[in-house]
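Below: one structure, written as structure tokens.
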Amino acid sequence: MIPILDYEKTENSPIFQRTTPQSRVTEPVQEIIARVRKEGDQALFAYSRLFDKVELTALEVTGEELEDAMEKVDKELISILTSAAENIKAYHSQQKRTGFSFSPEPGVVLGQKITPMEKVGIYVPGGTAAYPSTVLMTAIPAKIAGCGEIVMVTPPGKNGISPAILAAAKIAGVDRIFRVGGAQAIAALAYGTEIIPRVDKIVGPGNAYVAEAKRQVFGQVAIDMIAGPSEILIIADEKSNPAHVAADMLSQAEHDKLASAVLITTSSSLAEAVQKELEAQVSRLPRKEIARASLEGQGKIILAASIPQAMEISNRLAPEHLELMVERPMDYLDAIKNAGSVFLGRYCPEPVGDYWAGPNHTLPTGGTARFSSPLSVDDFVKKSQFTAYSQEALQKAGGKIAAFARAEGLQAHARSVTIREEGL
């Protein structure tokens, strides 16, 4: 079902499935965005009828609906969501930073100030599955950053929004919630409608239409990233339990037929045992058709000559999730150059990060961990720099500033400095 390959056979070939936005959705998304800009809320009601098969009477979720959702959700799940939220808060609170200022010489003050974004939008997928974890992971960093208003959009199902999603929103401190999804929700957040406010940044995962809409509105608003299919890369040695390795691979394979689950190991016996475990375990999964298609299409087991060579492969791939199931995993942490989120040891499977530990699960995919980072408090703030010069400080540096400006052919720049020296 899943091939075992020597590293030499994969060195110059793609290992993870790297996808680009499908061109077939580009034009429909353009049309959706244009209609939302023109018709506002009426377009959102119309698209709910067309795409979600739901006849809405109101877009915004009321406070009473939130309280009702809290009552409907199992108390144990409420307790779990609350504890997970506390873990996420504890981790992301460490990311909060203040500005700085210093005086490099008399009469000069330089600095940087940190300002939270006023309004941010979070997109939470709906449809066949509900993801309260996405609510916590996107809203809590925004709350810690100090954003003035957090606006959530999520598709309206035929039975309404999942109570678990609404409960998570209340726990996370979301300010306003709207029952709208798809590209039309992204357009509403980017441009505003009669009832949905225009935001400064949109974060959160979604389908191909949502991803393409985020791409098209970028520049009008900021976005976090264009998320692709989920990925997991596991580096495991001969002492790893093959059943554990297979289970961890399947934890991502069940996401999507295009999800990638890859094992790199130095042990051929482990590779063969994992291959057998995958076949045995996948047949027992409720989403076995999806998981099997993922493994057959994107899954791989790669034999490496050594753990350091496995690390080299990992850095080339820049995986979304990286598990190190090896002896003394912390010894290899510095060697990891490109990865979204790293899970260290044999008892730290990736779902620990999805739901509980605290680090964010909104991560760069498609090799973008080479240059981008997990969602964090930094995503919800802006940085402004400031400069203050006294008259004496400007007189000291003015001649050099003016000369620099003239060297670039910008006489008015030079004049704005020298005119102060002339006392005019």
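Ligands are numbered from 1 in the order shown, chains are lettered A, B, ... in the order of the structure tokens, and residues start at 1 in each chain.
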**Request:** Extract, using only C-alpha atoms, all DNA, RNA and protein residues at most 6 Å from range 115-129 of chain A, discarding same-chain residues fewer than 6 positions from it, and format them as a PyMOL selection string.
**Result:** chain A and resi 145-155+199-204+206+380-382
Using the selection just defined, write its residues with all heavy atoms as a short mmCIF file (atom, residue, chain, number, x, y, z; two decimals), in the first residue's frame.
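Final file, again-v5.cif:
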```cif
data_model
loop_
_atom_site.label_atom_id
_atom_site.label_comp_id
_atom_site.auth_asym_id
_atom_site.auth_seq_id
_atom_site.Cartn_x
_atom_site.Cartn_y
_atom_site.Cartn_z
N ALA A 145 -2.99 39.49 22.10
CA ALA A 145 -2.37 40.64 21.44
C ALA A 145 -3.07 41.94 21.78
O ALA A 145 -2.46 43.01 21.70
CB ALA A 145 -2.39 40.43 19.92
N GLY A 146 -4.35 41.87 22.19
CA GLY A 146 -5.09 43.06 22.55
C GLY A 146 -5.94 43.64 21.44
O GLY A 146 -6.28 44.83 21.47
N CYS A 147 -6.29 42.81 20.44
CA CYS A 147 -7.12 43.30 19.33
C CYS A 147 -8.45 43.83 19.86
O CYS A 147 -9.05 43.25 20.75
CB CYS A 147 -7.38 42.18 18.33
SG CYS A 147 -5.89 41.60 17.50
N GLY A 148 -8.90 44.93 19.24
CA GLY A 148 -10.11 45.57 19.73
C GLY A 148 -11.36 44.74 19.52
O GLY A 148 -12.26 44.74 20.36
N GLU A 149 -11.44 44.02 18.40
CA GLU A 149 -12.63 43.22 18.12
C GLU A 149 -12.24 41.99 17.32
O GLU A 149 -11.51 42.10 16.32
CB GLU A 149 -13.67 44.05 17.35
CG GLU A 149 -15.01 43.34 17.19
CD GLU A 149 -16.08 44.26 16.61
OE1 GLU A 149 -15.87 44.79 15.49
OE2 GLU A 149 -17.11 44.45 17.27
N ILE A 150 -12.72 40.84 17.76
CA ILE A 150 -12.47 39.57 17.07
C ILE A 150 -13.79 39.11 16.46
O ILE A 150 -14.77 38.90 17.17
CB ILE A 150 -11.92 38.51 18.03
CG1 ILE A 150 -10.62 39.00 18.69
CG2 ILE A 150 -11.68 37.19 17.29
CD1 ILE A 150 -10.13 38.11 19.80
N VAL A 151 -13.79 38.99 15.12
CA VAL A 151 -15.00 38.64 14.38
C VAL A 151 -14.81 37.24 13.80
O VAL A 151 -13.84 36.98 13.10
CB VAL A 151 -15.25 39.65 13.25
CG1 VAL A 151 -16.52 39.28 12.48
CG2 VAL A 151 -15.35 41.07 13.80
N MET A 152 -15.74 36.36 14.08
CA MET A 152 -15.65 34.99 13.60
C MET A 152 -16.72 34.71 12.55
O MET A 152 -17.88 35.12 12.71
CB MET A 152 -15.81 34.00 14.76
CG MET A 152 -15.58 32.54 14.38
SD MET A 152 -15.75 31.45 15.82
CE MET A 152 -17.40 30.83 15.56
N VAL A 153 -16.35 34.03 11.47
CA VAL A 153 -17.31 33.56 10.49
C VAL A 153 -17.18 32.05 10.37
O VAL A 153 -16.08 31.50 10.44
CB VAL A 153 -17.09 34.23 9.11
CG1 VAL A 153 -17.41 35.71 9.16
CG2 VAL A 153 -15.66 34.02 8.60
N THR A 154 -18.31 31.38 10.20
CA THR A 154 -18.31 29.94 10.05
C THR A 154 -19.56 29.53 9.30
O THR A 154 -20.61 30.16 9.46
CB THR A 154 -18.23 29.23 11.43
OG1 THR A 154 -17.98 27.84 11.25
CG2 THR A 154 -19.49 29.44 12.25
N PRO A 155 -19.49 28.54 8.43
CA PRO A 155 -20.64 28.19 7.59
C PRO A 155 -21.85 27.75 8.40
O PRO A 155 -21.71 27.07 9.42
CB PRO A 155 -20.11 27.03 6.74
CG PRO A 155 -18.63 27.17 6.77
CD PRO A 155 -18.30 27.73 8.11
N VAL A 199 -12.41 44.02 8.39
CA VAL A 199 -11.35 43.73 9.35
C VAL A 199 -9.99 44.08 8.76
O VAL A 199 -9.86 44.38 7.57
CB VAL A 199 -11.38 42.25 9.78
CG1 VAL A 199 -12.72 41.90 10.42
CG2 VAL A 199 -11.07 41.32 8.61
N ASP A 200 -8.99 44.03 9.60
CA ASP A 200 -7.62 44.35 9.18
C ASP A 200 -6.85 43.11 8.75
O ASP A 200 -5.90 43.20 7.97
CB ASP A 200 -6.87 45.04 10.32
CG ASP A 200 -7.57 46.29 10.80
OD1 ASP A 200 -7.98 47.10 9.95
OD2 ASP A 200 -7.75 46.45 12.03
N LYS A 201 -7.25 41.95 9.29
CA LYS A 201 -6.54 40.71 8.94
C LYS A 201 -7.50 39.55 9.04
O LYS A 201 -8.40 39.53 9.90
CB LYS A 201 -5.34 40.49 9.88
CG LYS A 201 -4.46 39.30 9.49
CD LYS A 201 -3.14 39.31 10.23
CE LYS A 201 -2.18 38.26 9.67
NZ LYS A 201 -0.84 38.36 10.26
N ILE A 202 -7.31 38.56 8.17
CA ILE A 202 -8.13 37.34 8.17
C ILE A 202 -7.20 36.15 8.38
O ILE A 202 -6.20 36.00 7.69
CB ILE A 202 -8.88 37.17 6.84
CG1 ILE A 202 -9.78 38.38 6.56
CG2 ILE A 202 -9.72 35.89 6.87
CD1 ILE A 202 -10.39 38.38 5.16
N VAL A 203 -7.56 35.30 9.35
CA VAL A 203 -6.77 34.09 9.62
C VAL A 203 -7.70 32.89 9.66
O VAL A 203 -8.90 33.02 9.82
CB VAL A 203 -5.99 34.21 10.95
CG1 VAL A 203 -5.11 35.45 10.96
CG2 VAL A 203 -6.94 34.24 12.15
N GLY A 204 -7.10 31.72 9.52
CA GLY A 204 -7.87 30.49 9.63
C GLY A 204 -7.89 29.69 8.35
O GLY A 204 -7.78 30.24 7.26
N GLY A 206 -9.36 26.81 5.40
CA GLY A 206 -10.60 26.60 4.68
C GLY A 206 -10.35 25.78 3.43
O GLY A 206 -9.21 25.37 3.15
N PHE A 380 -1.01 39.45 15.08
CA PHE A 380 -2.14 40.33 15.36
C PHE A 380 -1.71 41.71 15.85
O PHE A 380 -2.51 42.45 16.41
CB PHE A 380 -3.06 39.66 16.39
CG PHE A 380 -3.63 38.36 15.91
CD1 PHE A 380 -3.09 37.15 16.31
CD2 PHE A 380 -4.69 38.35 15.02
CE1 PHE A 380 -3.61 35.95 15.85
CE2 PHE A 380 -5.22 37.16 14.55
CZ PHE A 380 -4.68 35.95 14.96
N VAL A 381 -0.45 42.03 15.64
CA VAL A 381 0.04 43.35 16.02
C VAL A 381 0.77 43.98 14.84
O VAL A 381 1.17 43.31 13.89
CB VAL A 381 1.00 43.29 17.24
CG1 VAL A 381 0.30 42.71 18.45
CG2 VAL A 381 2.26 42.49 16.91
N LYS A 382 0.91 45.30 14.94
CA LYS A 382 1.71 46.05 13.97
C LYS A 382 2.87 46.69 14.71
O LYS A 382 2.78 46.98 15.90
CB LYS A 382 0.86 47.15 13.32
CG LYS A 382 -0.39 46.69 12.62
CD LYS A 382 -1.25 47.87 12.25
CE LYS A 382 -1.76 48.57 13.52
NZ LYS A 382 -2.61 49.75 13.19
#
```
**Message:** Can you pull out the residues contacting Tyr347 in chain A? Cut-off 10 Å, using only C-alpha atoms, and skip same-chain residues under 5 positions away; I want them as a VMD selection string.
**Reply:** chain A and resid 244 325 352
For Tyr47 in chain A, work out the shell of residues within 9 Å, counting only C-alpha atoms and skipping chain neighbours fewer than 6 positions away, then give it as a PDB file with C-alpha atoms, in the first residue's frame.
```
ATOM      1  CA  ILE A  32     -18.407  35.842  -5.512  1.00  0.00           C
ATOM      2  CA  LYS A  53     -28.996  24.963   1.322  1.00  0.00           C
ATOM      3  CA  VAL A 180     -21.505  32.656   6.776  1.00  0.00           C
ATOM      4  CA  GLN A 184     -18.333  34.990   0.431  1.00  0.00           C
TER       5      GLN A 184
END
```
**Item:** Secondary structure check, strand (DSSP E or B) residues of range 70-219 of chain A, as a PyMOL selection string
**Value:** chain A and resi 100-102+108-116+119-123+149-154+176-179+201-203+218
**Item:** Shell around Leu44 in chain A at 9 Å using only C-alpha atoms, local window under 2 positions removed, as number ranges by chain
**Value:** A: 36, 39-42, 46-49, 59, 180-181, 184-185, 188
**Request:** Please provide as a count of residues only all residues within 7 Å of Pro229 in chain A, with the sequence filter that same-chain residues fewer than 3 positions apart are discarded (counting only C-alpha atoms).
**Result:** 3
**Item:** Of the listed residues A:Gly366, A:Arg179, A:Gln94, A:Ala247, that which approaches Leu56 in chain A most closely, counting only C-alpha atoms
**Value:** A:Arg179
May I have the residues within 12 Å of Leu333 in chain A as a compact mmCIF listing (two decimals) with N, CA, C and O atoms, in the first residue's frame, using only C-alpha atoms and disregarding those fewer than 2 positions away in the same chain?
```
# COMPACT_ATOMS: atom_id res chain seq x y z
N PRO A 308 21.33 11.83 11.24
CA PRO A 308 21.69 13.12 10.64
C PRO A 308 21.26 13.25 9.18
O PRO A 308 20.83 14.33 8.75
N MET A 311 17.67 14.08 9.15
CA MET A 311 17.47 15.50 9.47
C MET A 311 17.69 16.36 8.23
O MET A 311 16.97 17.34 8.02
N ASN A 315 14.90 18.89 6.62
CA ASN A 315 15.12 20.31 6.36
C ASN A 315 14.85 20.66 4.90
O ASN A 315 14.40 21.76 4.58
N LEU A 322 6.62 17.78 12.40
CA LEU A 322 7.80 16.91 12.44
C LEU A 322 7.85 16.21 13.79
O LEU A 322 7.89 16.87 14.83
N GLU A 323 7.82 14.88 13.76
CA GLU A 323 7.98 14.11 14.98
C GLU A 323 9.36 13.47 15.00
O GLU A 323 9.80 12.87 14.01
N LEU A 324 10.05 13.59 16.13
CA LEU A 324 11.36 12.95 16.32
C LEU A 324 11.20 11.81 17.31
O LEU A 324 11.22 12.02 18.52
N VAL A 326 13.16 9.33 18.38
CA VAL A 326 14.54 8.84 18.43
C VAL A 326 15.07 8.97 19.86
O VAL A 326 14.46 9.64 20.71
N ARG A 328 17.20 10.54 22.70
CA ARG A 328 17.65 11.90 23.02
C ARG A 328 17.23 12.91 21.93
O ARG A 328 18.07 13.56 21.31
N PRO A 329 15.93 13.05 21.70
CA PRO A 329 15.47 13.93 20.61
C PRO A 329 15.89 15.39 20.78
O PRO A 329 16.10 16.09 19.78
N MET A 330 16.04 15.83 22.02
CA MET A 330 16.44 17.23 22.23
C MET A 330 17.82 17.52 21.66
O MET A 330 18.12 18.67 21.32
N ASP A 331 18.64 16.49 21.52
CA ASP A 331 19.98 16.68 20.95
C ASP A 331 19.91 17.14 19.50
O ASP A 331 20.87 17.72 18.99
N ALA A 335 19.46 21.14 15.07
CA ALA A 335 19.70 20.75 13.67
C ALA A 335 18.46 20.97 12.81
O ALA A 335 18.56 20.94 11.58
N ILE A 336 17.32 21.21 13.43
CA ILE A 336 16.08 21.43 12.67
C ILE A 336 16.04 22.88 12.21
O ILE A 336 15.97 23.80 13.02
N LYS A 337 16.11 23.10 10.93
CA LYS A 337 16.10 24.45 10.36
C LYS A 337 14.73 24.82 9.79
O LYS A 337 14.36 25.99 9.81
N ASN A 338 14.00 23.86 9.27
CA ASN A 338 12.74 24.14 8.59
C ASN A 338 11.67 23.17 9.06
O ASN A 338 11.66 22.01 8.66
N ALA A 339 10.76 23.65 9.88
CA ALA A 339 9.62 22.85 10.32
C ALA A 339 8.60 23.77 10.97
O ALA A 339 8.97 24.75 11.62
N SER A 341 5.98 22.77 13.29
CA SER A 341 5.87 22.42 14.71
C SER A 341 6.59 21.10 14.93
O SER A 341 6.41 20.15 14.16
N VAL A 342 7.40 21.03 15.97
CA VAL A 342 8.26 19.86 16.23
C VAL A 342 7.78 19.15 17.49
O VAL A 342 7.52 19.78 18.52
N PHE A 343 7.66 17.82 17.41
CA PHE A 343 7.20 17.00 18.52
C PHE A 343 8.33 16.05 18.91
O PHE A 343 8.78 15.24 18.09
N LEU A 344 8.77 16.15 20.13
CA LEU A 344 10.01 15.51 20.56
C LEU A 344 9.73 14.30 21.45
O LEU A 344 9.09 14.42 22.50
N GLY A 345 10.23 13.16 21.04
CA GLY A 345 10.12 11.95 21.86
C GLY A 345 9.07 10.98 21.38
O GLY A 345 8.25 11.27 20.52
```
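Checking A:Val262, A:Ala227, A:Leu375, A:Ile33 one by one against Leu189 in chain A, counting only C-alpha atoms, you find the shortest gap at A:Ile33.
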**Fill in**
If you count only C-alpha atoms, the residue of A:Asn241, A:Ser283, A:Thr193, A:Thr26 closest to Arg215 in chain A turns out to be A:Thr26
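You can rank A:Ser267, A:Gln275, A:Gln411, A:Thr138 by their closest distance to Leu303 in chain A using only C-alpha atoms, and at the top of that list sits A:Ser267.
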**Request:** Please measure the separation of CA of Ala412 in chain A and CA of Glu105 in chain A, giving the value in Å to one decimal.
**Result:** 26.6 Å
**Request:** Please identify all polymer residues within 12 Å of Leu233 in chain A, counting only C-alpha atoms, omitting same-chain residues fewer than 5 positions from it, and present them as a VMD selection string.
**Result:** chain A and resid 15 to 16 245 to 246 248 to 253 259 to 265 298 to 302 310 to 311 313 to 325 338 to 343 349 to 350 365 367
